[in-house]
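This is input-v8.cif. It holds mmCIF, C-alpha atoms.
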data_structure
#
loop_
_atom_site.label_atom_id
_atom_site.label_comp_id
_atom_site.auth_asym_id
_atom_site.auth_seq_id
_atom_site.Cartn_x
_atom_site.Cartn_y
_atom_site.Cartn_z
CA MET A 232 9.32 -23.68 29.48
CA ALA A 233 7.74 -21.66 26.68
CA VAL A 234 4.39 -23.35 27.32
CA PHE A 235 4.47 -22.41 31.01
CA LEU A 236 5.44 -18.82 30.19
CA LEU A 237 2.53 -18.54 27.76
CA ALA A 238 0.20 -20.02 30.37
CA ALA A 239 1.40 -17.51 32.95
CA LEU A 240 0.94 -14.62 30.51
CA SER A 241 -2.55 -15.79 29.59
CA SER A 242 -3.47 -16.12 33.27
CA THR A 243 -2.29 -12.60 34.00
CA VAL A 244 -4.21 -11.09 31.09
CA THR A 245 -7.38 -12.97 32.09
CA PHE A 246 -7.11 -11.84 35.69
CA LEU A 247 -6.55 -8.18 34.79
CA ALA A 248 -9.44 -8.20 32.31
CA GLN A 249 -11.96 -9.74 34.72
CA ARG A 250 -10.83 -8.74 38.19
CA ASN A 251 -13.50 -6.06 38.58
CA GLU A 252 -16.47 -8.23 37.71
CA ALA A 253 -15.90 -11.96 37.37
CA VAL A 254 -13.07 -12.75 39.80
CA ALA A 255 -14.62 -14.11 42.99
CA SER A 256 -13.43 -12.79 46.35
CA LEU A 257 -12.09 -15.00 49.12
CA ALA A 258 -15.21 -14.17 51.11
CA LYS A 259 -17.37 -15.66 48.39
CA VAL A 260 -15.12 -18.62 47.55
CA PRO A 261 -12.73 -19.38 50.45
CA LEU A 262 -9.32 -20.94 49.89
CA THR A 263 -10.36 -24.29 51.34
CA LEU A 264 -13.17 -24.60 48.80
CA ARG A 265 -10.82 -23.54 45.99
CA PHE A 266 -8.29 -26.25 46.84
CA GLU A 267 -11.00 -28.88 47.25
CA ASN A 268 -12.55 -27.95 43.92
CA ALA A 269 -9.13 -27.91 42.22
CA ILE A 270 -8.54 -31.51 43.33
CA LEU A 271 -12.00 -32.60 42.19
CA ALA A 272 -11.59 -30.75 38.88
CA TYR A 273 -8.31 -32.55 38.12
CA GLY A 274 -10.11 -35.81 38.72
CA GLY A 275 -13.12 -34.64 36.70
CA TYR A 276 -11.04 -33.79 33.64
CA LEU A 277 -9.32 -37.17 33.76
CA TRP A 278 -12.60 -39.03 34.18
CA LYS A 279 -14.33 -37.19 31.34
CA ALA A 280 -11.36 -37.93 29.07
CA ILE A 281 -11.87 -41.64 29.83
CA TRP A 282 -15.68 -41.60 29.95
CA PRO A 283 -17.04 -38.52 28.08
CA MET A 284 -20.62 -38.69 29.31
CA HIS A 285 -22.88 -36.14 31.05
CA LEU A 286 -21.03 -33.23 29.47
CA ALA A 287 -22.56 -29.82 30.22
CA VAL A 288 -22.07 -26.24 29.12
CA PHE A 289 -21.64 -25.25 32.78
CA TYR A 290 -20.65 -27.16 35.92
CA PRO A 291 -21.60 -25.33 39.14
CA LEU A 292 -19.05 -24.80 41.88
CA PRO A 293 -19.95 -27.19 44.75
CA LYS A 294 -20.78 -25.46 48.01
CA HIS A 295 -19.80 -28.39 50.24
CA PRO A 296 -17.69 -31.00 48.43
CA ALA A 297 -17.79 -34.48 49.96
CA TRP A 298 -14.55 -34.92 51.89
CA SER A 299 -14.45 -38.65 51.11
CA LEU A 300 -14.57 -38.03 47.37
CA THR A 301 -12.01 -35.24 47.62
CA ALA A 302 -9.66 -37.47 49.61
CA THR A 303 -10.08 -40.35 47.14
CA VAL A 304 -9.31 -38.15 44.13
CA ALA A 305 -6.34 -36.60 45.93
CA ALA A 306 -4.98 -40.08 46.69
CA VAL A 307 -5.30 -41.09 43.04
CA LEU A 308 -3.50 -37.95 41.89
CA ILE A 309 -0.70 -38.53 44.39
CA LEU A 310 -0.30 -42.17 43.29
CA ILE A 311 -0.12 -41.20 39.59
CA SER A 312 2.38 -38.45 40.40
CA ALA A 313 4.53 -40.85 42.44
CA ALA A 314 4.46 -43.49 39.70
CA ALA A 315 5.41 -40.93 37.03
CA TRP A 316 8.28 -39.69 39.20
CA LEU A 317 9.60 -43.17 39.94
CA GLU A 318 9.53 -44.02 36.23
CA ARG A 319 11.08 -40.73 35.12
CA ARG A 320 14.35 -42.32 33.94
CA ARG A 321 12.99 -45.41 32.22
CA ARG A 322 9.79 -43.84 30.90
CA PRO A 323 10.27 -40.04 30.88
CA TRP A 324 7.18 -39.50 28.75
CA LEU A 325 4.99 -40.40 31.74
CA LEU A 326 6.36 -37.54 33.84
CA VAL A 327 6.38 -35.13 30.88
CA GLY A 328 2.77 -35.88 30.00
CA TRP A 329 1.62 -35.79 33.63
CA LEU A 330 3.34 -32.49 34.40
CA TRP A 331 1.95 -31.06 31.15
CA PHE A 332 -1.55 -31.95 32.36
CA LEU A 333 -1.04 -30.67 35.91
CA GLY A 334 0.77 -27.47 34.91
CA THR A 335 -1.37 -26.24 32.04
CA LEU A 336 -4.54 -26.64 34.11
CA VAL A 337 -3.27 -24.39 36.89
CA PRO A 338 -4.53 -21.12 35.33
CA VAL A 339 -8.09 -22.49 35.01
CA ILE A 340 -8.36 -24.82 37.99
CA GLY A 341 -10.07 -22.24 40.20
CA LEU A 342 -7.29 -21.15 42.54
CA VAL A 343 -8.04 -17.72 41.10
CA GLN A 344 -11.77 -18.21 40.71
CA VAL A 345 -13.13 -16.50 37.58
CA GLY A 346 -16.88 -16.96 37.27
CA ASP A 347 -18.92 -19.57 39.12
CA GLN A 348 -17.87 -22.71 37.28
CA ALA A 349 -16.17 -25.66 38.95
CA MET A 350 -14.58 -26.68 35.66
CA ALA A 351 -15.25 -26.35 31.93
CA ASP A 352 -14.89 -28.91 29.17
CA ARG A 353 -13.13 -26.40 26.94
CA TYR A 354 -10.39 -25.96 29.53
CA GLY A 355 -9.40 -29.61 29.15
CA TYR A 356 -8.47 -29.61 25.47
CA PHE A 357 -4.87 -28.45 25.77
CA PRO A 358 -3.98 -30.00 29.17
CA LEU A 359 -5.24 -33.43 28.06
CA VAL A 360 -2.66 -33.41 25.27
CA GLY A 361 -0.17 -34.31 28.01
CA ILE A 362 -2.22 -37.35 29.02
CA PHE A 363 -2.46 -38.48 25.40
CA ILE A 364 1.31 -38.09 25.00
CA ALA A 365 1.93 -40.31 28.02
CA VAL A 366 -0.62 -42.92 26.89
CA THR A 367 0.64 -42.97 23.31
CA PHE A 368 4.28 -43.53 24.25
CA ALA A 369 3.27 -46.13 26.85
CA ILE A 370 1.29 -48.11 24.25
CA ALA A 371 4.16 -47.84 21.76
CA GLU A 372 6.53 -49.32 24.35
CA TRP A 373 4.08 -52.03 25.37
CA THR A 374 3.45 -53.21 21.79
CA ASN A 375 7.08 -52.92 20.63
CA GLY A 376 8.03 -56.19 18.93
CA PHE A 377 4.52 -57.68 19.21
CA ARG A 378 2.69 -57.40 15.94
CA PHE A 379 -0.52 -58.91 17.32
CA LEU A 380 -0.66 -56.34 20.11
CA LYS A 381 -0.15 -53.54 17.59
CA ILE A 382 -3.09 -54.82 15.57
CA VAL A 383 -5.24 -55.07 18.69
CA CYS A 384 -4.29 -51.56 19.86
CA THR A 385 -4.83 -50.09 16.40
CA THR A 386 -8.26 -51.70 16.14
CA THR A 387 -9.15 -50.56 19.64
CA GLY A 388 -7.97 -47.02 18.89
CA VAL A 389 -10.06 -46.82 15.73
CA SER A 390 -13.08 -48.13 17.64
CA ILE A 391 -12.61 -45.56 20.41
CA LEU A 392 -12.30 -42.71 17.90
CA SER A 393 -15.39 -43.92 16.06
CA ALA A 394 -17.31 -44.00 19.33
CA CYS A 395 -16.11 -40.47 20.08
CA LEU A 396 -17.45 -39.31 16.71
CA VAL A 397 -20.85 -40.79 17.53
CA LEU A 398 -20.83 -39.19 20.97
CA THR A 399 -19.82 -35.84 19.47
CA GLU A 400 -22.67 -36.00 16.97
CA ASN A 401 -25.06 -36.80 19.80
CA GLN A 402 -23.70 -33.95 21.96
CA LEU A 403 -24.16 -31.45 19.12
CA ARG A 404 -27.93 -31.98 19.37
CA TYR A 405 -27.91 -30.09 22.65
CA TRP A 406 -26.26 -27.06 21.06
CA GLN A 407 -29.02 -26.38 18.55
CA ASP A 408 -30.71 -23.78 20.74
CA SER A 409 -30.53 -22.36 24.25
CA GLU A 410 -33.48 -24.34 25.55
CA SER A 411 -31.90 -27.67 24.54
CA LEU A 412 -28.47 -26.63 25.80
CA PHE A 413 -29.53 -25.58 29.27
CA SER A 414 -32.20 -28.27 29.66
CA HIS A 415 -29.42 -30.80 29.15
CA ALA A 416 -27.18 -29.00 31.65
CA VAL A 417 -29.98 -29.10 34.23
CA ALA A 418 -30.49 -32.81 33.53
CA VAL A 419 -26.85 -33.93 33.90
CA THR A 420 -25.74 -31.67 36.79
CA ARG A 421 -27.02 -30.94 40.28
CA ASP A 422 -27.93 -27.64 41.93
CA ASN A 423 -27.06 -25.74 38.76
CA ALA A 424 -28.55 -22.29 39.41
CA LEU A 425 -26.96 -20.71 36.34
CA ALA A 426 -28.30 -23.41 34.03
CA HIS A 427 -31.80 -22.95 35.48
CA LEU A 428 -31.46 -19.19 35.03
CA ASN A 429 -30.44 -19.44 31.39
CA LEU A 430 -33.12 -22.03 30.71
CA GLY A 431 -35.63 -19.59 32.18
CA VAL A 432 -34.38 -16.85 29.86
CA ALA A 433 -34.70 -19.17 26.84
CA LEU A 434 -38.25 -20.09 27.82
CA GLN A 435 -39.15 -16.46 28.50
CA ASP A 436 -37.89 -15.47 25.05
CA GLN A 437 -40.29 -18.05 23.61
CA LYS A 438 -43.17 -16.63 25.68
CA LYS A 439 -43.36 -19.81 27.76
CA LEU A 440 -43.83 -17.67 30.83
CA SER A 441 -45.22 -20.23 33.28
CA GLN A 442 -42.33 -22.61 32.54
CA ALA A 443 -39.83 -19.75 32.82
CA LEU A 444 -41.22 -18.81 36.24
CA ILE A 445 -40.66 -22.38 37.46
CA GLN A 446 -37.01 -22.14 36.45
CA TYR A 447 -36.52 -18.73 38.08
CA HIS A 448 -38.05 -19.87 41.36
CA GLU A 449 -35.75 -22.89 41.28
CA VAL A 450 -32.83 -20.49 40.83
CA LEU A 451 -33.87 -18.59 43.95
CA ARG A 452 -34.26 -21.84 45.89
CA LEU A 453 -30.67 -22.73 45.03
CA ASP A 454 -29.23 -19.24 45.33
CA SER A 455 -31.35 -16.44 46.78
CA THR A 456 -28.73 -13.83 45.79
CA ARG A 457 -29.28 -14.20 42.03
CA HIS A 458 -30.50 -10.71 41.19
CA GLU A 459 -31.12 -11.70 37.55
CA ALA A 460 -33.88 -14.11 38.63
CA TYR A 461 -35.68 -11.40 40.61
CA ASN A 462 -35.38 -9.03 37.66
CA ASN A 463 -36.71 -11.57 35.17
CA ILE A 464 -39.62 -12.58 37.40
CA GLY A 465 -40.43 -8.87 37.67
CA ARG A 466 -40.48 -8.58 33.88
CA ILE A 467 -42.89 -11.50 33.56
CA LEU A 468 -45.23 -10.17 36.24
CA SER A 469 -45.15 -6.73 34.64
CA ASP A 470 -45.98 -8.21 31.22
CA GLN A 471 -48.85 -10.11 32.86
CA GLY A 472 -50.33 -6.87 34.14
CA LYS A 473 -49.21 -7.34 37.74
CA PRO A 474 -47.08 -4.23 38.34
CA GLN A 475 -47.49 -4.23 42.12
CA GLU A 476 -46.16 -7.80 42.39
CA ALA A 477 -43.42 -7.00 39.89
CA LEU A 478 -42.35 -4.02 42.02
CA ASP A 479 -41.29 -6.24 44.92
CA TYR A 480 -39.07 -8.39 42.70
CA TYR A 481 -37.50 -5.39 40.98
CA ARG A 482 -36.69 -3.81 44.36
CA LYS A 483 -34.98 -7.03 45.48
CA SER A 484 -32.99 -7.13 42.24
CA VAL A 485 -31.76 -3.56 42.79
CA ARG A 486 -30.88 -4.24 46.42
CA LEU A 487 -28.83 -7.28 45.45
CA ASN A 488 -27.07 -5.53 42.56
CA PRO A 489 -27.27 -1.75 43.00
CA LYS A 490 -24.69 -1.20 40.26
CA SER A 491 -26.87 -2.67 37.50
CA PRO A 492 -28.30 0.07 35.26
CA PHE A 493 -30.72 -2.45 33.74
CA SER A 494 -32.25 -3.30 37.12
CA HIS A 495 -32.68 0.38 37.98
CA ASN A 496 -34.25 1.02 34.58
CA ASN A 497 -36.72 -1.86 34.96
CA LEU A 498 -37.64 -0.71 38.45
CA GLY A 499 -38.23 2.76 37.03
CA LEU A 500 -40.55 1.39 34.36
CA VAL A 501 -42.83 -0.36 36.82
CA LEU A 502 -42.85 2.70 39.09
CA VAL A 503 -44.05 4.76 36.12
CA GLU A 504 -46.78 2.20 35.50
CA LEU A 505 -47.87 2.62 39.13
CA GLY A 506 -47.76 6.40 38.87
CA HIS A 507 -44.76 6.94 41.18
CA PHE A 508 -43.04 9.40 38.86
CA ASP A 509 -40.62 11.02 41.30
CA GLU A 510 -39.22 7.71 42.47
CA ALA A 511 -39.07 6.49 38.88
CA MET A 512 -37.02 9.56 37.93
CA ASP A 513 -34.57 8.70 40.70
CA GLN A 514 -34.17 5.17 39.31
CA PHE A 515 -33.70 6.34 35.72
CA SER A 516 -31.20 8.97 36.85
CA GLU A 517 -29.23 6.34 38.76
CA ALA A 518 -29.24 4.02 35.74
CA ALA A 519 -27.97 6.82 33.48
CA GLN A 520 -25.17 7.64 35.92
CA LEU A 521 -24.13 4.00 36.15
CA ASP A 522 -23.86 3.66 32.37
CA ALA A 523 -23.50 6.81 30.30
CA ASP A 524 -23.90 4.76 27.10
CA TYR A 525 -27.26 3.28 28.11
CA ALA A 526 -30.03 5.15 26.28
CA PRO A 527 -33.33 3.84 27.78
CA PRO A 528 -33.09 5.76 31.10
CA CYS A 529 -32.66 9.08 29.26
CA PHE A 530 -35.60 8.26 27.03
CA GLN A 531 -37.79 7.31 29.97
CA MET A 532 -36.89 10.48 31.89
CA GLY A 533 -38.04 12.47 28.88
CA LYS A 534 -41.36 10.61 28.81
CA ILE A 535 -41.96 11.23 32.52
CA LEU A 536 -41.35 14.95 32.10
CA LEU A 537 -43.81 15.00 29.20
CA LYS A 538 -46.40 13.26 31.37
CA GLN A 539 -45.88 15.99 33.97
CA GLY A 540 -46.30 18.76 31.41
CA GLN A 541 -42.63 19.74 31.46
CA ASP A 542 -42.20 19.50 27.71
CA ALA A 543 -39.20 21.81 27.39
CA GLU A 544 -37.31 19.98 30.15
CA ALA A 545 -38.02 16.66 28.44
CA MET A 546 -36.35 17.48 25.12
CA PRO A 547 -32.68 17.33 26.23
CA HIS A 548 -33.28 13.84 27.58
CA PHE A 549 -34.73 12.66 24.27
CA HIS A 550 -31.86 14.16 22.33
CA GLU A 551 -29.33 12.52 24.65
CA ALA A 552 -31.01 9.15 24.18
CA LEU A 553 -30.82 9.51 20.41
CA ARG A 554 -27.22 10.62 20.63
CA ILE A 555 -26.45 7.31 22.33
CA GLU A 556 -28.64 5.20 20.05
CA PRO A 557 -29.19 7.18 16.82
CA ASP A 558 -30.84 4.22 15.06
CA ASN A 559 -33.27 3.24 17.80
CA LEU A 560 -36.57 2.97 15.93
CA GLN A 561 -38.83 3.37 18.96
CA MET A 562 -37.09 6.53 20.12
CA LEU A 563 -36.93 8.03 16.63
CA ILE A 564 -40.67 7.55 16.12
CA TYR A 565 -41.63 8.85 19.56
CA LEU A 566 -39.54 12.02 19.37
CA ALA A 567 -40.67 12.70 15.79
CA ARG A 568 -44.30 12.52 16.95
CA VAL A 569 -43.64 14.91 19.82
CA LEU A 570 -41.92 17.40 17.55
CA ALA A 571 -44.66 17.12 14.93
CA ALA A 572 -47.80 17.09 17.07
CA ASP A 573 -47.20 18.38 20.61
CA GLU A 574 -49.85 20.89 21.68
CA ASN A 575 -47.08 23.18 22.92
CA PRO A 576 -46.00 25.33 19.93
CA GLN A 577 -42.65 26.05 21.57
CA ILE A 578 -41.79 22.35 21.40
CA ARG A 579 -42.89 21.62 17.86
CA ASN A 580 -40.23 21.56 15.17
CA GLY A 581 -41.55 20.24 11.90
CA THR A 582 -38.19 20.26 10.15
CA GLU A 583 -36.51 18.12 12.81
CA ALA A 584 -39.58 15.91 13.06
CA LEU A 585 -39.40 15.24 9.31
CA VAL A 586 -35.71 14.31 9.51
CA LEU A 587 -36.33 11.86 12.33
CA ALA A 588 -39.52 10.41 10.81
CA THR A 589 -37.83 9.92 7.44
CA LYS A 590 -34.97 8.05 9.09
CA ALA A 591 -37.42 5.93 11.10
CA SER A 592 -39.38 5.07 7.97
CA GLN A 593 -36.22 4.03 6.17
CA LEU A 594 -35.12 1.86 9.09
CA ALA A 595 -38.56 0.28 9.50
CA GLY A 596 -39.11 -0.53 5.84
CA LYS A 597 -42.25 -0.12 3.77
CA ALA A 598 -44.58 -2.34 5.82
CA GLN A 599 -44.48 -0.43 9.12
CA PRO A 600 -47.72 1.56 9.53
CA VAL A 601 -46.61 3.41 12.70
CA ALA A 602 -43.47 4.73 11.01
CA LEU A 603 -45.48 5.90 7.98
CA ASP A 604 -48.13 7.45 10.23
CA THR A 605 -45.39 9.42 12.00
CA LEU A 606 -43.91 10.51 8.69
CA ALA A 607 -47.36 11.76 7.63
CA MET A 608 -47.55 13.80 10.87
CA ALA A 609 -44.21 15.41 10.07
CA TYR A 610 -45.25 16.20 6.50
CA ALA A 611 -48.40 17.88 7.80
CA GLU A 612 -46.47 19.95 10.36
CA THR A 613 -44.20 21.26 7.60
CA GLY A 614 -47.23 22.13 5.40
CA ARG A 615 -46.64 19.34 2.87
CA PHE A 616 -50.25 18.14 3.05
CA ASP A 617 -50.37 16.26 -0.26
CA GLU A 618 -47.50 14.05 0.90
CA ALA A 619 -49.10 13.78 4.33
CA VAL A 620 -52.34 12.51 2.77
CA GLN A 621 -50.54 10.04 0.51
CA THR A 622 -48.33 8.68 3.32
CA GLY A 623 -51.18 8.66 5.84
CA GLN A 624 -53.35 6.64 3.47
CA LYS A 625 -50.57 4.04 3.13
CA ALA A 626 -50.36 3.81 6.90
CA VAL A 627 -54.12 3.30 7.24
CA ASN A 628 -54.14 0.60 4.54
CA LEU A 629 -51.23 -1.27 6.12
CA ALA A 630 -52.80 -1.12 9.58
CA ARG A 631 -56.10 -2.49 8.23
CA THR A 632 -54.32 -5.26 6.34
CA ALA A 633 -52.47 -6.21 9.53
CA GLY A 634 -55.75 -6.36 11.45
CA GLN A 635 -54.84 -3.35 13.62
CA LYS A 636 -58.38 -1.92 13.71
CA ASP A 637 -57.92 0.52 16.59
CA ASP A 638 -54.68 1.91 15.15
CA ALA A 639 -56.25 2.21 11.71
CA ALA A 640 -59.18 4.16 13.17
CA ILE A 641 -57.00 6.82 14.83
CA MET A 642 -54.79 7.01 11.72
CA GLN A 643 -57.92 7.62 9.68
CA GLN A 644 -58.83 10.54 11.97
CA ARG A 645 -55.41 12.06 11.36
CA LEU A 646 -55.74 11.49 7.62
CA GLU A 647 -59.02 13.42 7.57
CA ARG A 648 -57.25 16.35 9.25
CA TYR A 649 -54.52 16.33 6.59
CA GLN A 650 -57.15 16.28 3.84
CA LYS A 651 -58.45 19.53 5.32
CA HIS A 652 -54.90 20.92 5.37
CA GLN A 653 -54.76 20.75 9.15
CA PRO A 654 -51.83 19.27 11.13
CA TRP A 655 -52.39 16.83 13.95
CA ARG A 656 -52.21 17.92 17.60
CA GLU A 657 -52.15 15.85 20.77
CA SER A 658 -51.09 15.93 24.39
CA PHE A 659 -48.34 13.58 25.52
CA ARG A 660 -49.32 13.72 29.17
CA LYS A 661 -51.19 10.48 28.74
CA ASN A 662 -48.63 8.65 26.56
#
Do you think you could lay out the structure here as structure tokens?
Amino acid sequence: MAVFLLAALSSTVTFLAQRNEAVASLAKVPLTLRFENAILAYGGYLWKAIWPMHLAVFYPLPKHPAWSLTATVAAVLILISAAAWLERRRRPWLLVGWLWFLGTLVPVIGLVQVGDQAMADRYGYFPLVGIFIAVTFAIAEWTNGFRFLKIVCTTTGVSILSACLVLTENQLRYWQDSESLFSHAVAVTRDNALAHLNLGVALQDQKKLSQALIQYHEVLRLDSTRHEAYNNIGRILSDQGKPQEALDYYRKSVRLNPKSPFSHNNLGLVLVELGHFDEAMDQFSEAAQLDADYAPPCFQMGKILLKQGQDAEAMPHFHEALRIEPDNLQMLIYLARVLAADENPQIRNGTEALVLATKASQLAGKAQPVALDTLAMAYAETGRFDEAVQTGQKAVNLARTAGQKDDAAIMQQRLERYQKHQPWRESFRKN
């Protein structure tokens, strides 16, 4: 009874924690599909306990389960249940073990569908204890009084456990990295949109963009509502210098998931690249409203206002972004440069620029030429030209060593200004 109470409590907590996001509606996963999948999942857990092959990190929920297979599995479950019930007096362990298996799987069998999985290997660990209880007591009864049978069963058990160790070691190979994990899932399952999506992400992270695109298009073939695939294709096209093509995918991503601040932010970025500043501001504003703790939209709104010459209006957005992410290196460096070098004297604030640039330099470490270049700008704005020259020279040397010729050239121009005791000035309308 205690086990069932704990299972009920765990189910309730899970449902309350995920009801807003992960719990699927009846419109998405109707009751008939839930019951069919529950039957197939019971059979799947039993089969994988007997034959642990083709294990995957994710098993997709079938859209149209084969009725013949569902009926066959249901018949097997009914027969096992009937046999356990009929033997309840002579062999009570059969009913105990079987009910343990059936009951403890109820919270994760998909009647309340959390996520898109049909089943999960990790869900079987505790329920299968019931099956092992039933099997263990049955073998003990069968071999009672027969020494030879005990030896045979012991030998067989050791062999099975040894085989399981080998299979476990083999399965661990697929968990070494995301590409291996999701490539295996794609190989051993069918129509697995989520596995293709995650494989695409792994390939994209490794800059294997053409391979990632193949995976994302396969995702959309299997499930055209996957907004993540549209978003990720947009990112690849944008990185490839195809903003107009990327725009279409970003718009589809936002239409499919209008409550995603990340999709709105990405759409805003490509709109900026295409020069559609007003529409981009709308997207960044929407992203900021959707997630008040998401800094990039605030930062990007500040940059747009700078591009439009509204420097004073831009500053609150930059400060809000840094309030959310005070250790964001990119934002620290950018705002420090604005405060140190903006052509508008009402915007410049050398003291604040120096604070931000110093923090950025500390976060970046000694081998970051851009951070040192920014720190040199701040020193110059506060009149500390000797330190500006010394720091600027380090930045130039590091940039040259790193082969950053263009960056080194502009840093050298700034250094020459500092040597003349002149601060650096620039317009951020183009940045």
request  = For stretch 590-593 of chain A, work out the shell of residues within 10 Å, counting all atoms listed in the file and skipping chain neighbours fewer than 6 positions away, then give it as a PyMOL selection string.
outcome  = chain A and resi 557-565+567+584+599-606
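Rounded to one decimal, atom CA of A:Gly472 and atom CA of A:Glu510 lie 20.1 Å from each other.
The residues returned by the PyMOL selection byres ((chain A and resi 482-496) around 8) for this structure are A:Thr456, A:Arg457, A:His458, A:Glu459, A:Ala460, A:Tyr461, A:Asn462, A:Leu478, A:Asp479, A:Tyr480, A:Tyr481, A:Asn497, A:Leu498, A:Gly499, A:Leu500, A:Gln514, A:Phe515, A:Glu517, A:Ala518, A:Ala519, A:Leu521, A:Asp522, A:Tyr525, A:Pro527, A:Pro528.
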key: A:Val383, A:Ser299, A:Val360, A:Arg421 ranked by distance to A:Glu449, top pick (using all atoms listed in the file)   = A:Arg421
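Computed from the coordinates, the atom CA of A:Ile340 to atom CA of A:Asp454 distance equals 22.8 Å.
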task = Tell me which residues the PyMOL selection byres ((chain A and resi 624-631) around 7) grabs here, as a PyMOL selection string.
result = chain A and resi 598+600-601+603-604+620-623+632-636+638-639+642-643+646
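By all atoms listed in the file, and with residues fewer than 5 positions from stretch 368-370 of chain A along its chain excluded, the set lying at most 12 Å from it is A:Ala315, A:Glu318, A:Arg321, A:Arg322, A:Pro323, A:Trp324, A:Leu325, A:Leu326, A:Val327, A:Gly328, A:Gly361, A:Ile362, A:Phe363, A:Asn375, A:Gly376, A:Phe377, A:Leu380, A:Lys381, A:Ile382, A:Val383, A:Cys384, A:Thr385, A:Thr387, A:Gly388.
Computed from the coordinates, the atom CA of A:Trp655 to atom CA of A:Tyr610 distance equals 10.3 Å.
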request  = Could you tell me which residues the PyMOL selection byres ((chain A and resi 652) around 12) grabs in this file, written as a count of residues only?
outcome  = 22
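With all atoms listed in the file as the atoms that count, the residue of A:Leu585, A:Ala526, A:Val397, A:Leu453 with the shortest distance to A:Glu556 is A:Ala526.
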task = Measuring atom to atom with all atoms listed in the file, identify which of A:Gly334, A:Pro291, A:Pro283, A:Pro358 is nearest to A:Leu392.
result = A:Pro283
